[in-house]
Amino acid sequence: MVRKSASGRIGIADVAVKAGVSHATVSRVMNGNFTVDPEIAARVRAAAVELKYQPNPVGRSLALGKTDTIGIVVPDLANPTFQAILRGLSRAAAQDGYRVLIADSFEVSSEETILAGEARRRCDGLVLCAPRMSDAELEEIAPSLRPLVLINRTTAAAGVPSLVVDYGQGVQDIAEHLVDLGHTRLAFLAGPPRSASNNLRLQGLEAFKAAHPHVEVTMLEGGSDFDTGHGAVDAVLESGATGILAFNDLVAMGLMSGLHERGLDVPGDISVTGFDDIPFAKYTTPTLTTAAVPITELGEQAWHQLRALIRNEESDAPGSRYQPKLEVRASTGPAKAARTAVHG
C-alpha cells in the first residue's frame with residue numbers, strides 16, 4: 001500500500017515503490033530521459049498515472065537546468081506601450097511552451113539592476129525593456145544576464161541583440177508635419193530624464209533645429225504619464241508654442257484634457273501630437289496625431305531573438321531597427337496665423 005507523504009502529496013518515492021524501481025529511475029523517466037529501458041519506463045508512467053502523481057515543477061527545473069520561463073523587466077507596466085510589448089512577448093513565448101515572469105521597476109532606475117538579477121536567476125533568459133539604468137550600469141550587468149535581449153537600448157556586450165525604434169527620426173517627422181501646417185513655435189514635453197528613448201527624441205530634435213533655424217523649439221520638463229501632460233498646461237501656454245510634441249500618447253492625452261478644461265480648442269488654438277500610437281490614440285477627442293510604433297511586434301521579435309539564444313541557434317528574426325510611421329489625425333491643424341491667412 002502506498003502512503004502519501006506528511007503533506008498529503010504523492011511523491012517520487014511513492015511512484016518508485018509502486019513501480020518497483022529506484023528514485024533515480026523515476027526521476028529520469030519523468031524528465032524525459034530516453035536511456036531508461038522502455039518496459040521499465042512504461043511501468044513507471046503507469047504507476048504515476050495510477051497514483052495521480054504530479055511532478056514538482058521546481059525540482060524538475062533544477063534537474064533539467066531549465067525553467068521554461070523567461071523574464072521581462074519594464075519601467076512602468078501601467079503604460080499601455082509596455083503592456084503591448086508584454087502581450088506580444090508572452091503570446092509568442094507561449095507558442096513555444098514558455099511562461100513570462102514580469103518585473104516592474106516603477107520608473108525607479110536604482111531598482112532595475114536588482115530586479116534584473118533576481119529575474120534572471122529564476123528564468124532561462126531575460127528581456128530588458130527600455131531600462132532606465134545608466135549606460136555604465138548596463139554595460140556592467142549585461143554579461144551576467146545572458147541570454148539577454150534589449151528593447152530600445154544597446155550594449156557593447158557580445159551576444160546581446162537589441163531591438164531599437166528610431167525615435168529620433170520619428171520625432172523629426174512629427175515636427176516636419178507641424179511646420180508644414182505653418183507652425184514655427186514648437187514645444188517638446190520631454191519624457192523621464194533617464195529614458196533612453198527620450199534622449200533619442202532630443203537628438204532628433206537637435207537635428208531638426210539645425211535644419212530649420214527659423215523654427216523655435218522650446219524644451220519643457222515632462223514625464224511619461226497622463227498626469228504629466230495634464231499638469232503641463234501652464235508651461236505650454238507660457239511657451240507661446242502653437243505646436244506641441246508630447247513624449248508619448250499618454251502625455252498628449254493628459255495635455256489635451258487640461259487644455260479642454262481651460263476652454264482651449266485643439267487644434268484650433270494649439271496642435272498636439274503624441275508618440276507610440278497606443279490603442280486609445282484613435283479614440284480621443286479629437287483623435288490624436290502620433291508616430292505609430294509596431295509595439296506588439298517588438299515583443300514578438302524579442303522572444304524570437306531570445307529563443308534563438310536559449311537554444312544556441314542562429315536567429316532568423318528580421319531587422320532589429322524599426323521606423324515609426326506618422327499617423328495624421330484630428331489633433332493637428334494649421335497654425336492660427338496660417339489659418340487666418342487662408343480664411344481671412
# chains A, B, ... in the order shown; residues from 1 in each chain; ligands from 1
$ residues_around --residues "Val108 of chain A" --least-positions-apart "3" --cutoff "8 Å" --atoms "only C-alpha atoms" --output "list in words"
Pro75, Ser105, Glu111, Glu112 and Arg132 of chain A
$ select_by_dssp --residues "segment 88-278 of chain A" --states "alpha helix (DSSP H)" --output "PyMOL selection string"
chain A and resi 88-94+109-121+135-145+167-180+196-211+226-230+233-239+249-261
$ select_by_dssp --residues "segment 187-228 of chain A" --states "strand (DSSP E)" --output "VMD selection string"
chain A and resid 187 to 189 216 to 220
$ write_last_selection --atoms "all heavy atoms" --output "short mmCIF file (atom, residue, chain, number, x, y, z; two decimals), in the first residue's frame"
data_model
loop_
_atom_site.label_atom_id
_atom_site.label_comp_id
_atom_site.auth_asym_id
_atom_site.auth_seq_id
_atom_site.Cartn_x
_atom_site.Cartn_y
_atom_site.Cartn_z
N ALA A 187 6.96 73.21 -29.02
CA ALA A 187 7.44 72.86 -27.69
C ALA A 187 7.45 71.34 -27.55
O ALA A 187 6.54 70.66 -28.04
CB ALA A 187 6.57 73.48 -26.60
N PHE A 188 8.49 70.83 -26.91
CA PHE A 188 8.60 69.39 -26.67
C PHE A 188 8.42 69.13 -25.19
O PHE A 188 9.18 69.62 -24.36
CB PHE A 188 9.96 68.88 -27.13
CG PHE A 188 10.21 67.43 -26.80
CD1 PHE A 188 9.35 66.44 -27.25
CD2 PHE A 188 11.31 67.05 -26.03
CE1 PHE A 188 9.57 65.10 -26.95
CE2 PHE A 188 11.54 65.71 -25.72
CZ PHE A 188 10.67 64.74 -26.18
N LEU A 189 7.37 68.35 -24.85
CA LEU A 189 7.18 67.91 -23.48
C LEU A 189 8.01 66.65 -23.29
O LEU A 189 7.62 65.57 -23.75
CB LEU A 189 5.70 67.61 -23.22
CG LEU A 189 4.83 68.78 -22.75
CD1 LEU A 189 3.38 68.33 -22.60
CD2 LEU A 189 5.33 69.31 -21.42
N GLU A 216 11.32 77.90 -33.80
CA GLU A 216 11.67 77.93 -32.37
C GLU A 216 11.16 76.66 -31.71
O GLU A 216 9.98 76.31 -31.82
CB GLU A 216 11.03 79.15 -31.70
CG GLU A 216 11.29 79.24 -30.20
CD GLU A 216 10.55 80.41 -29.56
OE1 GLU A 216 10.29 81.41 -30.27
OE2 GLU A 216 10.21 80.30 -28.37
N VAL A 217 12.03 75.95 -31.02
CA VAL A 217 11.65 74.71 -30.32
C VAL A 217 12.00 74.87 -28.84
O VAL A 217 13.17 74.97 -28.48
CB VAL A 217 12.37 73.48 -30.89
CG1 VAL A 217 11.90 72.22 -30.16
CG2 VAL A 217 12.11 73.35 -32.39
N THR A 218 10.99 74.90 -28.00
CA THR A 218 11.18 75.05 -26.56
C THR A 218 11.12 73.68 -25.89
O THR A 218 10.24 72.87 -26.18
CB THR A 218 10.07 75.94 -25.96
OG1 THR A 218 10.10 77.22 -26.60
CG2 THR A 218 10.28 76.13 -24.46
N MET A 219 12.08 73.42 -25.01
CA MET A 219 12.11 72.15 -24.28
C MET A 219 11.47 72.33 -22.91
O MET A 219 11.86 73.22 -22.15
CB MET A 219 13.56 71.67 -24.12
CG MET A 219 14.30 71.51 -25.44
SD MET A 219 13.56 70.23 -26.48
CE MET A 219 14.60 70.36 -27.95
N LEU A 220 10.49 71.52 -22.60
CA LEU A 220 9.79 71.61 -21.32
C LEU A 220 9.95 70.30 -20.56
O LEU A 220 9.94 69.21 -21.15
CB LEU A 220 8.29 71.87 -21.55
CG LEU A 220 7.94 73.14 -22.35
CD1 LEU A 220 6.43 73.19 -22.60
CD2 LEU A 220 8.40 74.38 -21.59
#
$ closest_atom_pairs --of "segment 188-282 of chain A" --to "segment 290-314 of chain A" --cutoff "7 Å" --atoms "only C-alpha atoms" --output "tab-separated table"
residue	atom	partner	partner_atom	distance
A:Thr273	CA	A:Thr290	CA	5.4
A:Gly274	CA	A:Thr290	CA	4.5
A:Phe275	CA	A:Ala291	CA	4.8
A:Asp276	CA	A:Ala292	CA	4.9
A:Asp277	CA	A:Ala292	CA	4.6
$ residues_around --residues "Ala136 of chain A" --least-positions-apart "3" --cutoff "12 Å" --atoms "only C-alpha atoms" --output "ChimeraX atom specification"
/A:113,132-133,139-142,154-157
$ closest_residue --among "A:Arg28, A:Arg194, A:Arg122, A:His183" --to "Ser109 of chain A" --atoms "only C-alpha atoms"
A:Arg194
$ residues_around --residues "Leu255 of chain A" --least-positions-apart "3" --cutoff "9 Å" --atoms "only C-alpha atoms" --output "list in words"
Phe226, Asp227, Thr228, Gly229, His230, Gly231, Ala232, Val233, Val236, Ala246, Leu250, Val251, Ala252, Gly258, Leu259, His260 and Val272 of chain A
$ residues_around --residues "Val328 of chain A" --least-positions-apart "2" --cutoff "12 Å" --atoms "only C-alpha atoms" --output "compact mmCIF listing (two decimals) with N, CA and C atoms, in the first residue's frame"
# COMPACT_ATOMS: atom_id res chain seq x y z
N ASP A 173 9.85 63.59 -37.98
CA ASP A 173 8.70 63.51 -38.89
C ASP A 173 7.50 64.28 -38.33
N ILE A 174 7.29 64.16 -37.02
CA ILE A 174 6.18 64.90 -36.40
C ILE A 174 6.43 66.40 -36.49
N GLU A 176 8.24 68.02 -38.65
CA GLU A 176 8.07 68.42 -40.05
C GLU A 176 6.59 68.59 -40.38
N HIS A 177 5.77 67.70 -39.89
CA HIS A 177 4.32 67.79 -40.11
C HIS A 177 3.77 69.10 -39.56
N LEU A 178 4.20 69.46 -38.35
CA LEU A 178 3.73 70.71 -37.74
C LEU A 178 4.21 71.93 -38.53
N LEU A 181 2.22 72.63 -41.49
CA LEU A 181 0.95 73.26 -41.17
C LEU A 181 1.10 74.73 -40.79
N SER A 271 -2.06 72.80 -31.61
CA SER A 271 -1.99 71.44 -32.14
C SER A 271 -1.17 70.58 -31.18
N VAL A 272 -1.61 69.35 -30.98
CA VAL A 272 -0.96 68.44 -30.03
C VAL A 272 -0.66 67.11 -30.73
N THR A 273 0.55 66.60 -30.51
CA THR A 273 0.94 65.30 -31.07
C THR A 273 1.46 64.39 -29.98
N GLY A 274 1.35 63.09 -30.21
CA GLY A 274 1.85 62.09 -29.27
C GLY A 274 2.94 61.25 -29.90
N PHE A 275 3.15 60.07 -29.33
CA PHE A 275 4.14 59.13 -29.87
C PHE A 275 3.79 57.73 -29.37
N ASP A 277 1.28 55.56 -30.71
CA ASP A 277 0.01 55.10 -31.27
C ASP A 277 -0.54 53.93 -30.46
N ALA A 281 -5.34 56.04 -28.88
CA ALA A 281 -5.00 57.27 -29.61
C ALA A 281 -6.02 57.62 -30.69
N LYS A 282 -6.60 56.60 -31.31
CA LYS A 282 -7.56 56.88 -32.38
C LYS A 282 -8.98 57.11 -31.87
N PRO A 286 -10.07 65.54 -29.83
CA PRO A 286 -10.04 64.96 -31.18
C PRO A 286 -9.08 63.75 -31.22
N THR A 287 -9.17 62.97 -32.29
CA THR A 287 -8.26 61.84 -32.45
C THR A 287 -6.82 62.36 -32.53
N LEU A 288 -5.89 61.55 -32.03
CA LEU A 288 -4.53 62.04 -31.80
C LEU A 288 -3.58 61.76 -32.96
N THR A 289 -2.95 62.82 -33.44
CA THR A 289 -1.84 62.66 -34.39
C THR A 289 -0.63 62.13 -33.62
N THR A 290 0.00 61.09 -34.15
CA THR A 290 1.08 60.43 -33.41
C THR A 290 2.02 59.71 -34.36
N ALA A 291 3.08 59.16 -33.82
CA ALA A 291 4.01 58.33 -34.58
C ALA A 291 3.78 56.89 -34.15
N ALA A 292 3.32 56.07 -35.08
CA ALA A 292 2.97 54.69 -34.75
C ALA A 292 4.22 53.81 -34.69
N LYS A 325 5.82 55.31 -37.98
CA LYS A 325 5.04 55.81 -39.11
C LYS A 325 4.13 56.93 -38.64
N LEU A 326 4.22 58.08 -39.29
CA LEU A 326 3.38 59.22 -38.92
C LEU A 326 1.92 58.92 -39.19
N ALA A 330 -6.86 64.20 -36.11
CA ALA A 330 -7.55 65.49 -35.97
C ALA A 330 -6.96 66.43 -34.94
N SER A 331 -5.94 66.01 -34.18
CA SER A 331 -5.41 66.88 -33.13
C SER A 331 -4.41 67.90 -33.65
N THR A 332 -4.10 67.85 -34.94
CA THR A 332 -3.20 68.85 -35.53
C THR A 332 -3.91 69.54 -36.69
N GLY A 333 -3.64 70.84 -36.80
CA GLY A 333 -4.22 71.64 -37.87
C GLY A 333 -3.35 72.85 -38.11
$ residues_around --residues "Ile40 of chain A" --least-positions-apart "5" --cutoff "10 Å" --atoms "only C-alpha atoms" --output "compact mmCIF listing (two decimals) with N, CA, C and O atoms, in the first residue's frame"
# COMPACT_ATOMS: atom_id res chain seq x y z
N ALA A 19 6.22 1.18 -8.71
CA ALA A 19 6.78 0.61 -9.95
C ALA A 19 7.90 -0.38 -9.67
O ALA A 19 8.36 -1.08 -10.58
N GLY A 20 8.37 -0.44 -8.43
CA GLY A 20 9.44 -1.36 -8.09
C GLY A 20 10.79 -0.95 -8.67
O GLY A 20 11.57 -1.81 -9.08
N VAL A 21 11.05 0.36 -8.69
CA VAL A 21 12.31 0.87 -9.24
C VAL A 21 12.91 1.87 -8.25
O VAL A 21 12.31 2.20 -7.23
N THR A 25 15.51 6.28 -11.16
CA THR A 25 14.87 5.83 -12.39
C THR A 25 13.58 6.60 -12.65
O THR A 25 13.31 7.03 -13.77
N VAL A 26 12.78 6.79 -11.61
CA VAL A 26 11.56 7.59 -11.76
C VAL A 26 11.90 9.00 -12.22
O VAL A 26 11.25 9.55 -13.12
N VAL A 29 12.79 9.04 -15.93
CA VAL A 29 11.60 8.86 -16.78
C VAL A 29 10.77 10.14 -16.82
O VAL A 29 10.33 10.59 -17.88
N ARG A 45 5.55 5.11 -15.79
CA ARG A 45 4.49 6.04 -16.21
C ARG A 45 3.11 5.52 -15.79
O ARG A 45 2.24 6.30 -15.39
N ALA A 46 2.92 4.22 -15.88
CA ALA A 46 1.64 3.64 -15.46
C ALA A 46 1.43 3.85 -13.96
O ALA A 46 0.31 4.16 -13.52
$ closest_residue --among "A:Tyr98, A:Tyr53, A:Tyr283, A:Phe82" --to "Asp68 of chain A" --atoms "only C-alpha atoms"
A:Tyr98
$ closest_residue --among "A:Leu51, A:Leu101, A:Val73, A:Leu200" --to "Ile114 of chain A" --atoms "only C-alpha atoms"
A:Val73
$ residues_around --residues "Tyr322 of chain A" --least-positions-apart "6" --cutoff "7 Å" --atoms "only C-alpha atoms" --output "list of chain:residue names"
A:Val164, A:Val165, A:Asp166
$ write_last_selection --atoms "C-alpha atoms" --output "PDB file, in the first residue's frame"
ATOM      1  CA  VAL A 164      15.521  49.646 -31.348  1.00  0.00           C
ATOM      2  CA  VAL A 165      12.870  52.114 -32.535  1.00  0.00           C
ATOM      3  CA  ASP A 166      14.178  55.122 -34.476  1.00  0.00           C
TER       4      ASP A 166
END
$ atom_distance --atom1 "atom CA of Gly125 of chain A" --atom2 "atom CA of Val74 of chain A"
14.8 Å
$ atom_distance --atom1 "atom CA of Thr285 of chain A" --atom2 "atom CA of Gly168 of chain A"
27.0 Å
$ closest_residue --among "A:Pro143, A:Pro192, A:Gly182, A:Pro213" --to "Phe106 of chain A" --atoms "only C-alpha atoms"
A:Pro192
$ closest_atom_pairs --of "segment 79-174 of chain A" --to "segment 203-212 of chain A" --cutoff "9 Å" --atoms "only C-alpha atoms" --output "JSON lines"
{"residue": "A:Tyr167", "atom": "CA", "partner": "A:Gly204", "partner_atom": "CA", "distance": 7.4}
{"residue": "A:Gly168", "atom": "CA", "partner": "A:Gly204", "partner_atom": "CA", "distance": 3.9}
{"residue": "A:Gln169", "atom": "CA", "partner": "A:Gly204", "partner_atom": "CA", "distance": 6.0}
{"residue": "A:Gly170", "atom": "CA", "partner": "A:Gly204", "partner_atom": "CA", "distance": 8.0}
{"residue": "A:Val171", "atom": "CA", "partner": "A:Gly204", "partner_atom": "CA", "distance": 6.4}
{"residue": "A:Gln172", "atom": "CA", "partner": "A:Gly204", "partner_atom": "CA", "distance": 5.9}
$ closest_residue --among "A:Ile10, A:Leu77, A:Ile244, A:Leu89" --to "Asp225 of chain A" --atoms "only C-alpha atoms"
A:Leu77
$ decode --residues "segment 208-331 of chain A" --atoms "C-alpha atoms" --output "tab-separated table (two decimals), in the first residue's frame"
chain	number	residue	atom	x	y	z
A	208	PHE	CA	15.59	69.17	-36.79
A	209	LYS	CA	16.53	72.55	-35.28
A	210	ALA	CA	19.78	72.60	-37.24
A	211	ALA	CA	17.84	72.08	-40.47
A	212	HIS	CA	15.10	74.61	-39.55
A	213	PRO	CA	16.77	77.63	-37.94
A	214	HIS	CA	13.61	79.70	-38.38
A	215	VAL	CA	11.60	77.36	-36.14
A	216	GLU	CA	11.67	77.93	-32.37
A	217	VAL	CA	11.65	74.71	-30.32
A	218	THR	CA	11.18	75.05	-26.56
A	219	MET	CA	12.11	72.15	-24.28
A	220	LEU	CA	9.79	71.61	-21.32
A	221	GLU	CA	10.16	69.19	-18.42
A	222	GLY	CA	7.69	66.37	-18.53
A	223	GLY	CA	7.34	62.66	-17.86
A	224	SER	CA	5.58	59.64	-19.28
A	225	ASP	CA	2.05	59.57	-17.87
A	226	PHE	CA	-1.33	61.27	-18.22
A	227	ASP	CA	-0.84	63.42	-15.12
A	228	THR	CA	2.39	64.84	-16.56
A	229	GLY	CA	0.58	66.15	-19.60
A	230	HIS	CA	-2.37	67.43	-17.60
A	231	GLY	CA	-0.07	69.33	-15.28
A	232	ALA	CA	1.94	70.89	-18.12
A	233	VAL	CA	-0.79	73.23	-19.39
A	234	ASP	CA	0.65	76.39	-17.76
A	235	ALA	CA	4.17	75.70	-19.05
A	236	VAL	CA	2.83	75.02	-22.54
A	237	LEU	CA	0.81	78.24	-22.62
A	238	GLU	CA	3.71	80.28	-21.24
A	239	SER	CA	5.97	78.94	-24.01
A	240	GLY	CA	3.78	80.55	-26.66
A	241	ALA	CA	4.09	77.42	-28.80
A	242	THR	CA	1.29	76.55	-31.20
A	243	GLY	CA	2.50	73.02	-31.93
A	244	ILE	CA	3.25	70.57	-29.10
A	245	LEU	CA	5.26	67.38	-29.35
A	246	ALA	CA	4.47	65.21	-26.33
A	247	PHE	CA	6.85	62.46	-25.22
A	248	ASN	CA	4.16	59.85	-25.74
A	249	ASP	CA	0.44	59.43	-26.29
A	250	LEU	CA	-0.42	59.37	-22.57
A	251	VAL	CA	1.25	62.75	-22.04
A	252	ALA	CA	-0.51	64.14	-25.13
A	253	MET	CA	-3.88	62.92	-23.87
A	254	GLY	CA	-3.32	64.49	-20.46
A	255	LEU	CA	-2.37	67.78	-22.11
A	256	MET	CA	-5.45	67.79	-24.35
A	257	SER	CA	-7.64	67.15	-21.31
A	258	GLY	CA	-6.04	70.06	-19.44
A	259	LEU	CA	-6.35	72.40	-22.44
A	260	HIS	CA	-10.01	71.48	-22.82
A	261	GLU	CA	-10.63	72.33	-19.16
A	262	ARG	CA	-9.15	75.79	-19.84
A	263	GLY	CA	-11.54	76.31	-22.73
A	264	LEU	CA	-8.86	75.98	-25.40
A	265	ASP	CA	-9.52	74.26	-28.70
A	266	VAL	CA	-7.34	71.50	-30.12
A	267	PRO	CA	-6.26	72.02	-32.87
A	268	GLY	CA	-7.89	75.44	-33.34
A	269	ASP	CA	-5.73	77.11	-30.68
A	270	ILE	CA	-2.96	74.55	-30.21
A	271	SER	CA	-1.99	71.44	-32.14
A	272	VAL	CA	-0.96	68.44	-30.03
A	273	THR	CA	0.94	65.30	-31.07
A	274	GLY	CA	1.85	62.09	-29.27
A	275	PHE	CA	4.14	59.13	-29.87
A	276	ASP	CA	3.61	55.32	-29.96
A	277	ASP	CA	0.01	55.10	-31.27
A	278	ILE	CA	-1.40	53.18	-28.33
A	279	PRO	CA	-4.90	51.75	-28.92
A	280	PHE	CA	-6.64	54.73	-27.29
A	281	ALA	CA	-5.00	57.27	-29.61
A	282	LYS	CA	-7.56	56.88	-32.38
A	283	TYR	CA	-10.47	57.27	-29.96
A	284	THR	CA	-9.57	60.53	-28.21
A	285	THR	CA	-11.47	63.75	-28.90
A	286	PRO	CA	-10.04	64.96	-31.18
A	287	THR	CA	-8.26	61.84	-32.45
A	288	LEU	CA	-4.53	62.04	-31.80
A	289	THR	CA	-1.84	62.66	-34.39
A	290	THR	CA	1.08	60.43	-33.41
A	291	ALA	CA	4.01	58.33	-34.58
A	292	ALA	CA	2.97	54.69	-34.75
A	293	VAL	CA	5.43	52.12	-33.41
A	294	PRO	CA	4.94	48.35	-34.05
A	295	ILE	CA	4.76	47.77	-30.31
A	296	THR	CA	3.36	44.24	-30.23
A	297	GLU	CA	5.81	43.17	-32.92
A	298	LEU	CA	8.68	44.33	-30.71
A	299	GLY	CA	7.59	41.84	-28.07
A	300	GLU	CA	7.20	39.03	-30.60
A	301	GLN	CA	10.63	39.62	-32.11
A	302	ALA	CA	12.20	39.87	-28.65
A	303	TRP	CA	11.01	36.31	-28.00
A	304	HIS	CA	12.32	35.05	-31.36
A	305	GLN	CA	15.73	36.53	-30.60
A	306	LEU	CA	15.74	35.17	-27.06
A	307	ARG	CA	14.58	31.73	-28.16
A	308	ALA	CA	17.49	31.51	-30.58
A	309	LEU	CA	19.92	32.39	-27.77
A	310	ILE	CA	18.41	29.86	-25.36
A	311	ARG	CA	18.61	27.12	-27.98
A	312	ASN	CA	22.04	28.18	-29.26
A	313	GLU	CA	20.57	28.65	-32.73
A	314	GLU	CA	21.12	31.24	-35.40
A	315	SER	CA	18.34	33.83	-35.25
A	316	ASP	CA	16.09	34.11	-38.29
A	317	ALA	CA	14.37	37.20	-36.90
A	318	PRO	CA	14.10	40.22	-39.21
A	319	GLY	CA	15.96	43.52	-38.78
A	320	SER	CA	16.37	44.99	-35.32
A	321	ARG	CA	15.61	48.63	-36.19
A	322	TYR	CA	12.05	49.89	-36.52
A	323	GLN	CA	10.88	53.09	-38.18
A	324	PRO	CA	7.82	54.86	-36.70
A	325	LYS	CA	5.04	55.81	-39.11
A	326	LEU	CA	3.38	59.22	-38.92
A	327	GLU	CA	-0.37	58.91	-38.30
A	328	VAL	CA	-2.06	62.23	-39.05
A	329	ARG	CA	-5.36	62.66	-37.24
A	330	ALA	CA	-7.55	65.49	-35.97
A	331	SER	CA	-5.41	66.88	-33.13
